>>> print(open('coords_38.cif').read())   # mmCIF, C-alpha atoms, pLDDT in the B column; chains and numbers go by the auth columns
data_query
#
loop_
_atom_site.group_PDB
_atom_site.id
_atom_site.type_symbol
_atom_site.label_atom_id
_atom_site.label_comp_id
_atom_site.label_asym_id
_atom_site.label_seq_id
_atom_site.Cartn_x
_atom_site.Cartn_y
_atom_site.Cartn_z
_atom_site.B_iso_or_equiv
_atom_site.auth_seq_id
_atom_site.auth_asym_id
ATOM 1 C CA MET A 1 143.703 82.786 87.521 94.00 1 A
ATOM 2 C CA ILE A 2 140.007 82.153 87.197 98.00 2 A
ATOM 3 C CA PHE A 3 137.617 84.875 86.036 98.00 3 A
ATOM 4 C CA VAL A 4 134.185 84.777 87.655 98.00 4 A
ATOM 5 C CA LEU A 5 131.562 86.918 85.948 98.00 5 A
ATOM 6 C CA ASP A 6 128.180 87.874 87.271 98.00 6 A
ATOM 7 C CA MET A 7 125.505 87.857 84.582 97.00 7 A
ATOM 8 C CA ASP A 8 122.716 90.421 85.125 95.00 8 A
ATOM 9 C CA GLY A 9 124.054 93.969 85.215 94.00 9 A
ATOM 10 C CA THR A 10 127.640 92.848 84.670 96.00 10 A
ATOM 11 C CA LEU A 11 128.037 90.749 81.521 97.00 11 A
ATOM 12 C CA ILE A 12 124.455 91.193 80.318 97.00 12 A
ATOM 13 C CA ASP A 13 122.062 94.111 80.602 96.00 13 A
ATOM 14 C CA SER A 14 118.824 92.182 80.954 96.00 14 A
ATOM 15 C CA ASN A 15 116.786 94.850 82.725 96.00 15 A
ATOM 16 C CA GLU A 16 114.462 95.702 79.842 97.00 16 A
ATOM 17 C CA ALA A 17 113.776 92.064 78.966 97.00 17 A
ATOM 18 C CA ASN A 18 113.085 91.329 82.604 96.00 18 A
ATOM 19 C CA PHE A 19 110.719 94.294 82.928 97.00 19 A
ATOM 20 C CA LEU A 20 108.821 93.468 79.733 98.00 20 A
ATOM 21 C CA SER A 21 108.448 89.837 80.786 97.00 21 A
ATOM 22 C CA TYR A 22 106.972 90.863 84.132 97.00 22 A
ATOM 23 C CA LYS A 23 104.714 93.428 82.433 97.00 23 A
ATOM 24 C CA ASP A 24 103.313 90.895 79.970 97.00 24 A
ATOM 25 C CA ALA A 25 102.951 88.223 82.647 97.00 25 A
ATOM 26 C CA TYR A 26 101.063 90.625 84.909 97.00 26 A
ATOM 27 C CA GLU A 27 98.722 91.670 82.101 97.00 27 A
ATOM 28 C CA SER A 28 98.216 88.075 80.979 97.00 28 A
ATOM 29 C CA ILE A 29 97.329 86.775 84.438 96.00 29 A
ATOM 30 C CA LEU A 30 95.311 89.735 85.747 96.00 30 A
ATOM 31 C CA LYS A 31 93.826 90.959 82.460 96.00 31 A
ATOM 32 C CA GLU A 32 94.621 94.558 83.407 95.00 32 A
ATOM 33 C CA ASN A 33 97.243 97.138 82.452 95.00 33 A
ATOM 34 C CA PHE A 34 100.614 97.124 84.149 95.00 34 A
ATOM 35 C CA THR A 35 100.864 100.745 85.284 92.00 35 A
ATOM 36 C CA LEU A 36 104.635 101.109 85.685 95.00 36 A
ATOM 37 C CA GLU A 37 106.986 102.478 83.014 95.00 37 A
ATOM 38 C CA TYR A 38 110.417 101.041 82.243 96.00 38 A
ATOM 39 C CA ASN A 39 113.135 103.146 83.909 95.00 39 A
ATOM 40 C CA HIS A 40 116.320 101.129 83.113 93.00 40 A
ATOM 41 C CA LEU A 41 116.445 99.768 86.669 92.00 41 A
ATOM 42 C CA ARG A 42 116.095 96.104 87.572 92.00 42 A
ATOM 43 C CA PHE A 43 112.492 95.093 88.197 95.00 43 A
ATOM 44 C CA THR A 44 112.347 92.050 90.468 91.00 44 A
ATOM 45 C CA PHE A 45 109.811 89.813 92.134 92.00 45 A
ATOM 46 C CA LYS A 46 110.261 91.942 95.275 92.00 46 A
ATOM 47 C CA ASP A 47 109.272 95.000 93.227 95.00 47 A
ATOM 48 C CA LEU A 48 106.186 93.200 91.977 94.00 48 A
ATOM 49 C CA LYS A 49 105.105 92.611 95.573 93.00 49 A
ATOM 50 C CA LYS A 50 106.002 96.181 96.569 95.00 50 A
ATOM 51 C CA TYR A 51 104.198 98.014 93.767 95.00 51 A
ATOM 52 C CA PHE A 52 101.234 95.646 93.608 95.00 52 A
ATOM 53 C CA PRO A 53 100.489 94.705 97.246 95.00 53 A
ATOM 54 C CA HIS A 54 96.954 93.644 96.320 94.00 54 A
ATOM 55 C CA LEU A 55 98.217 90.511 94.572 96.00 55 A
ATOM 56 C CA THR A 56 97.361 87.208 96.191 97.00 56 A
ATOM 57 C CA PRO A 57 100.092 84.610 96.747 96.00 57 A
ATOM 58 C CA LYS A 58 98.550 82.533 93.951 97.00 58 A
ATOM 59 C CA GLN A 59 98.605 85.498 91.521 97.00 59 A
ATOM 60 C CA LYS A 60 102.231 86.283 92.413 96.00 60 A
ATOM 61 C CA GLN A 61 103.220 82.682 91.734 96.00 61 A
ATOM 62 C CA GLN A 62 101.280 82.638 88.456 97.00 62 A
ATOM 63 C CA ILE A 63 102.972 85.885 87.345 97.00 63 A
ATOM 64 C CA LYS A 64 106.382 84.515 88.259 94.00 64 A
ATOM 65 C CA GLU A 65 105.771 81.341 86.241 95.00 65 A
ATOM 66 C CA GLU A 66 104.325 83.253 83.277 96.00 66 A
ATOM 67 C CA LYS A 67 107.280 85.673 83.347 96.00 67 A
ATOM 68 C CA THR A 68 109.647 82.718 83.030 93.00 68 A
ATOM 69 C CA ARG A 69 107.629 81.309 80.132 94.00 69 A
ATOM 70 C CA LEU A 70 107.506 84.664 78.309 96.00 70 A
ATOM 71 C CA TYR A 71 111.152 85.616 78.817 96.00 71 A
ATOM 72 C CA ALA A 72 112.404 83.940 75.628 96.00 72 A
ATOM 73 C CA GLN A 73 110.471 86.350 73.422 97.00 73 A
ATOM 74 C CA TYR A 74 112.398 89.274 74.945 98.00 74 A
ATOM 75 C CA LEU A 75 115.942 87.963 74.508 98.00 75 A
ATOM 76 C CA SER A 76 116.522 90.569 71.787 98.00 76 A
ATOM 77 C CA TYR A 77 116.172 93.203 74.518 97.00 77 A
ATOM 78 C CA THR A 78 119.190 91.818 76.368 97.00 78 A
ATOM 79 C CA LYS A 79 122.493 93.489 75.607 96.00 79 A
ATOM 80 C CA ILE A 80 125.970 92.162 76.151 96.00 80 A
ATOM 81 C CA ASN A 81 128.535 94.355 77.880 96.00 81 A
ATOM 82 C CA GLN A 82 130.825 94.502 74.863 95.00 82 A
ATOM 83 C CA ASN A 83 133.646 96.300 76.694 95.00 83 A
ATOM 84 C CA LEU A 84 133.811 93.590 79.345 96.00 84 A
ATOM 85 C CA LEU A 85 133.469 90.816 76.778 96.00 85 A
ATOM 86 C CA ASN A 86 136.305 92.230 74.654 96.00 86 A
ATOM 87 C CA HIS A 87 138.527 92.452 77.733 95.00 87 A
ATOM 88 C CA ILE A 88 137.699 88.924 78.913 95.00 88 A
ATOM 89 C CA LEU A 89 138.233 87.355 75.500 95.00 89 A
ATOM 90 C CA LYS A 90 141.876 88.536 75.543 96.00 90 A
ATOM 91 C CA PHE A 91 142.449 85.979 78.312 96.00 91 A
ATOM 92 C CA ILE A 92 140.489 83.056 76.918 94.00 92 A
ATOM 93 C CA LYS A 93 143.584 80.920 76.253 95.00 93 A
ATOM 94 C CA THR A 94 145.229 81.551 79.623 96.00 94 A
ATOM 95 C CA HIS A 95 142.344 81.781 82.105 96.00 95 A
ATOM 96 C CA LYS A 96 139.235 79.813 82.953 97.00 96 A
ATOM 97 C CA ILE A 97 136.103 81.945 82.636 98.00 97 A
ATOM 98 C CA PHE A 98 132.989 81.117 84.642 98.00 98 A
ATOM 99 C CA LEU A 99 129.555 82.647 84.949 98.00 99 A
ATOM 100 C CA CYS A 100 128.347 82.779 88.556 98.00 100 A
ATOM 101 C CA THR A 101 124.842 84.100 89.073 98.00 101 A
ATOM 102 C CA ASN A 102 121.779 84.045 91.298 96.00 102 A
ATOM 103 C CA ALA A 103 119.580 84.010 88.186 94.00 103 A
ATOM 104 C CA ALA A 104 117.316 81.074 87.405 92.00 104 A
ATOM 105 C CA LYS A 105 119.058 78.326 85.447 94.00 105 A
ATOM 106 C CA GLN A 106 116.478 78.263 82.636 93.00 106 A
ATOM 107 C CA ARG A 107 116.883 82.006 81.985 94.00 107 A
ATOM 108 C CA VAL A 108 120.679 81.773 82.201 96.00 108 A
ATOM 109 C CA GLU A 109 120.739 78.991 79.629 96.00 109 A
ATOM 110 C CA MET A 110 118.542 81.023 77.261 96.00 110 A
ATOM 111 C CA ILE A 111 120.774 84.092 77.544 97.00 111 A
ATOM 112 C CA VAL A 112 124.013 82.125 77.179 97.00 112 A
ATOM 113 C CA LYS A 113 122.698 80.425 74.050 97.00 113 A
ATOM 114 C CA TYR A 114 121.252 83.642 72.592 98.00 114 A
ATOM 115 C CA HIS A 115 124.546 85.548 73.022 97.00 115 A
ATOM 116 C CA HIS A 116 126.735 82.583 71.944 97.00 116 A
ATOM 117 C CA LEU A 117 128.734 82.548 75.181 97.00 117 A
ATOM 118 C CA ASP A 118 130.144 79.101 74.438 94.00 118 A
ATOM 119 C CA PHE A 119 133.636 80.181 75.526 95.00 119 A
ATOM 120 C CA LEU A 120 132.633 79.863 79.190 97.00 120 A
ATOM 121 C CA SER A 121 134.437 77.189 81.195 97.00 121 A
ATOM 122 C CA GLY A 122 131.329 76.694 83.297 97.00 122 A
ATOM 123 C CA ILE A 123 128.081 78.187 84.526 98.00 123 A
ATOM 124 C CA TYR A 124 127.085 78.204 88.181 98.00 124 A
ATOM 125 C CA CYS A 125 123.488 79.100 89.049 98.00 125 A
ATOM 126 C CA ASN A 126 123.276 79.680 92.769 97.00 126 A
ATOM 127 C CA GLU A 127 120.161 78.628 94.614 93.00 127 A
ATOM 128 C CA SER A 128 120.727 80.060 98.099 94.00 128 A
ATOM 129 C CA ASP A 129 122.947 82.182 100.312 95.00 129 A
ATOM 130 C CA ASN A 130 126.384 83.408 99.183 98.00 130 A
ATOM 131 C CA LYS A 131 126.848 82.600 95.490 98.00 131 A
ATOM 132 C CA PHE A 132 130.630 83.017 95.639 98.00 132 A
ATOM 133 C CA LEU A 133 131.070 80.759 98.653 98.00 133 A
ATOM 134 C CA ASN A 134 128.852 78.135 97.009 98.00 134 A
ATOM 135 C CA PHE A 135 130.709 78.533 93.697 98.00 135 A
ATOM 136 C CA LEU A 136 134.076 78.003 95.411 98.00 136 A
ATOM 137 C CA LYS A 137 132.806 74.897 97.211 98.00 137 A
ATOM 138 C CA HIS A 138 131.182 73.504 94.067 97.00 138 A
ATOM 139 C CA TYR A 139 134.344 73.758 91.961 98.00 139 A
ATOM 140 C CA ASN A 140 136.800 73.326 94.856 98.00 140 A
ATOM 141 C CA PHE A 141 138.602 76.564 93.966 98.00 141 A
ATOM 142 C CA ASP A 142 140.665 78.699 96.301 98.00 142 A
ATOM 143 C CA ALA A 143 139.198 82.196 96.738 98.00 143 A
ATOM 144 C CA LYS A 144 142.652 83.718 96.243 97.00 144 A
ATOM 145 C CA ASP A 145 142.762 82.301 92.706 97.00 145 A
ATOM 146 C CA ILE A 146 139.694 84.085 91.365 98.00 146 A
ATOM 147 C CA ILE A 147 139.022 87.508 89.931 98.00 147 A
ATOM 148 C CA VAL A 148 135.411 88.585 90.312 98.00 148 A
ATOM 149 C CA PHE A 149 133.552 90.902 87.936 98.00 149 A
ATOM 150 C CA GLU A 150 130.398 92.120 89.686 97.00 150 A
ATOM 151 C CA ASN A 151 128.034 95.102 89.588 95.00 151 A
ATOM 152 C CA ASP A 152 126.150 94.741 92.866 95.00 152 A
ATOM 153 C CA ASP A 153 127.621 96.059 96.136 95.00 153 A
ATOM 154 C CA SER A 154 125.850 93.417 98.233 96.00 154 A
ATOM 155 C CA GLN A 155 127.309 90.693 96.017 97.00 155 A
ATOM 156 C CA ILE A 156 130.751 92.288 96.253 97.00 156 A
ATOM 157 C CA SER A 157 130.387 91.975 100.041 98.00 157 A
ATOM 158 C CA CYS A 158 129.538 88.303 99.537 98.00 158 A
ATOM 159 C CA ALA A 159 132.692 87.834 97.469 98.00 159 A
ATOM 160 C CA LEU A 160 134.756 89.409 100.255 98.00 160 A
ATOM 161 C CA GLN A 161 133.041 87.187 102.844 98.00 161 A
ATOM 162 C CA ALA A 162 133.906 84.170 100.691 98.00 162 A
ATOM 163 C CA GLY A 163 137.585 85.137 100.916 98.00 163 A
ATOM 164 C CA VAL A 164 138.089 86.798 97.533 98.00 164 A
ATOM 165 C CA LEU A 165 140.867 89.363 97.809 98.00 165 A
ATOM 166 C CA LYS A 166 139.635 92.949 97.594 98.00 166 A
ATOM 167 C CA GLN A 167 142.097 93.726 94.794 98.00 167 A
ATOM 168 C CA ASN A 168 140.639 90.803 92.834 98.00 168 A
ATOM 169 C CA ILE A 169 137.142 92.283 92.710 98.00 169 A
ATOM 170 C CA ILE A 170 136.346 94.517 89.768 97.00 170 A
ATOM 171 C CA LYS A 171 133.131 96.496 89.988 97.00 171 A
ATOM 172 C CA ILE A 172 131.421 96.660 86.621 93.00 172 A
ATOM 173 C CA GLY A 173 128.618 98.944 85.541 77.00 173 A
ATOM 174 C CA MET A 174 126.473 98.779 82.453 67.00 174 A
ATOM 175 C CA CYS A 175 126.531 101.764 80.116 52.00 175 A
ATOM 176 C CA HIS A 176 123.180 102.965 78.848 45.00 176 A
ATOM 177 C CA GLU A 177 123.051 104.811 75.579 42.00 177 A
ATOM 178 C CA THR A 178 120.910 107.908 75.600 34.00 178 A
ATOM 179 C CA THR A 179 119.231 109.342 72.556 30.00 179 A
#
>>> encode(input="coords_38.cif", output="structure tokens")
Amino acid sequence: MIFVLDMDGTLIDSNEANFLSYKDAYESILKENFTLEYNHLRFTFKDLKKYFPHLTPKQKQQIKEEKTRLYAQYLSYTKINQNLLNHILKFIKTHKIFLCTNAAKQRVEMIVKYHHLDFLSGIYCNESDNKFLNFLKHYNFDAKDIIVFENDDSQISCALQAGVLKQNIIKIGMCHETT
């Protein structure tokens, strides 16, 4: 069997690093305070456009590029899902383990290096459409041979559409410590 792990929200909790990168990029480009507070949810480019509709296309692009540049300084805010990692590592000698994500390749490489995820058999950074279908085509794997670990319901639907067996999809959630 082949294990296919999603990154953000499944293997890695990167929400805070992502938020802080957007916050700093916004403040750097616009020279004004970012008015939102971190709430443990994923802040995306779509959220930037939603909460700040006054941004011009050029400003949005500049923020996106600056966010990518700044991300490395927030790697310490990313947290590995230790329960999932411990479970996966039990199978390292008998299963291939791949990362399959819609995240940008540069950010994926930073996170993989930072968390020493050198045990991975491969990393697939999807660029469009159904990441699981593209992953299967890229590696020429049969959908019935993979076990997917995923946190996002829409991506679970994509896995099903790609032919992954329902019983081979494991929904993962990140645990947040509260103090």
>>> closest_residue(input="coords_38.cif", among="A:Asn81, A:Thr68, A:Ser121, A:Gln59", to="Phe19 (chain A)", atoms="only C-alpha atoms")
A:Thr68
>>> residues_around(input="coords_38.cif", residues="Cys100 (chain A)", least_positions_apart="3", cutoff="7 Å", atoms="only C-alpha atoms", output="list in words")
Val4, Leu5, Asp6, Ile123, Tyr124 and Cys125 of chain A
>>> closest_residue(input="coords_38.cif", among="A:Asp24, A:His87, A:Ile92, A:Ile97", to="Ile63 (chain A)", atoms="all atoms listed in the file")
A:Asp24
>>> resolve_selection(input="coords_38.cif", expression="the PyMOL selection byres ((chain A and resi 37) around 10)", output="list of chain:residue names")
A:Phe19, A:Leu20, A:Lys23, A:Phe34, A:Thr35, A:Leu36, A:Tyr38, A:Asn39, A:His40
>>> resolve_selection(input="coords_38.cif", expression="the PyMOL selection byres ((chain A and resi 118) around 12)", output="list in words")
Leu89, Ile92, Ile97, Phe98, Leu99, Glu109, Ile111, Val112, Lys113, Tyr114, His115, His116, Leu117, Phe119, Leu120, Ser121, Gly122 and Ile123 of chain A
>>> resolve_selection(input="coords_38.cif", expression="the PyMOL selection byres ((chain A and resi 11) around 6)", output="list of chain:residue names")
A:Met7, A:Thr10, A:Ile12, A:Ile80, A:Asn81
>>> residues_near_point(input="coords_38.cif", point="(137.8, 88.9, 97.6)", cutoff="12 Å", atoms="only C-alpha atoms", output="NGL selection string")
:A and (4 or 132-133 or 136 or 142-150 or 155-171)
>>> residues_around(input="coords_38.cif", residues="Thr44 (chain A)", least_positions_apart="6", cutoff="10 Å", atoms="only C-alpha atoms", output="PDB file with C-alpha atoms, in the frame of the given file")
ATOM      1  CA  ASN A  15     116.786  94.850  82.725  1.00 96.00           C
ATOM      2  CA  ASN A  18     113.085  91.329  82.604  1.00 96.00           C
ATOM      3  CA  PHE A  19     110.719  94.294  82.928  1.00 97.00           C
ATOM      4  CA  TYR A  22     106.972  90.863  84.132  1.00 97.00           C
ATOM      5  CA  LYS A  50     106.002  96.181  96.569  1.00 95.00           C
ATOM      6  CA  LYS A  64     106.382  84.515  88.259  1.00 94.00           C
TER       7      LYS A  64
END
>>> atom_distance(input="coords_38.cif", atom1="CA of Ala25 (chain A)", atom2="CA of Lys67 (chain A)")
5.1 Å
>>> atom_distance(input="coords_38.cif", atom1="CA of Pro53 (chain A)", atom2="CA of Glu65 (chain A)")
18.1 Å
>>> atom_distance(input="coords_38.cif", atom1="CA of Lys131 (chain A)", atom2="CA of Ala103 (chain A)")
10.4 Å
>>> closest_residue(input="coords_38.cif", among="A:Ile88, A:Leu55, A:Leu48, A:Ala17", to="Arg107 (chain A)", atoms="all atoms listed in the file")
A:Ala17
>>> closest_residue(input="coords_38.cif", among="A:Leu41, A:Phe3, A:Ser128, A:Tyr51", to="Tyr26 (chain A)", atoms="only C-alpha atoms")
A:Tyr51
>>> closest_residue(input="coords_38.cif", among="A:Pro57, A:Lys90, A:Phe52, A:Lys137", to="Asn33 (chain A)", atoms="all atoms listed in the file")
A:Phe52
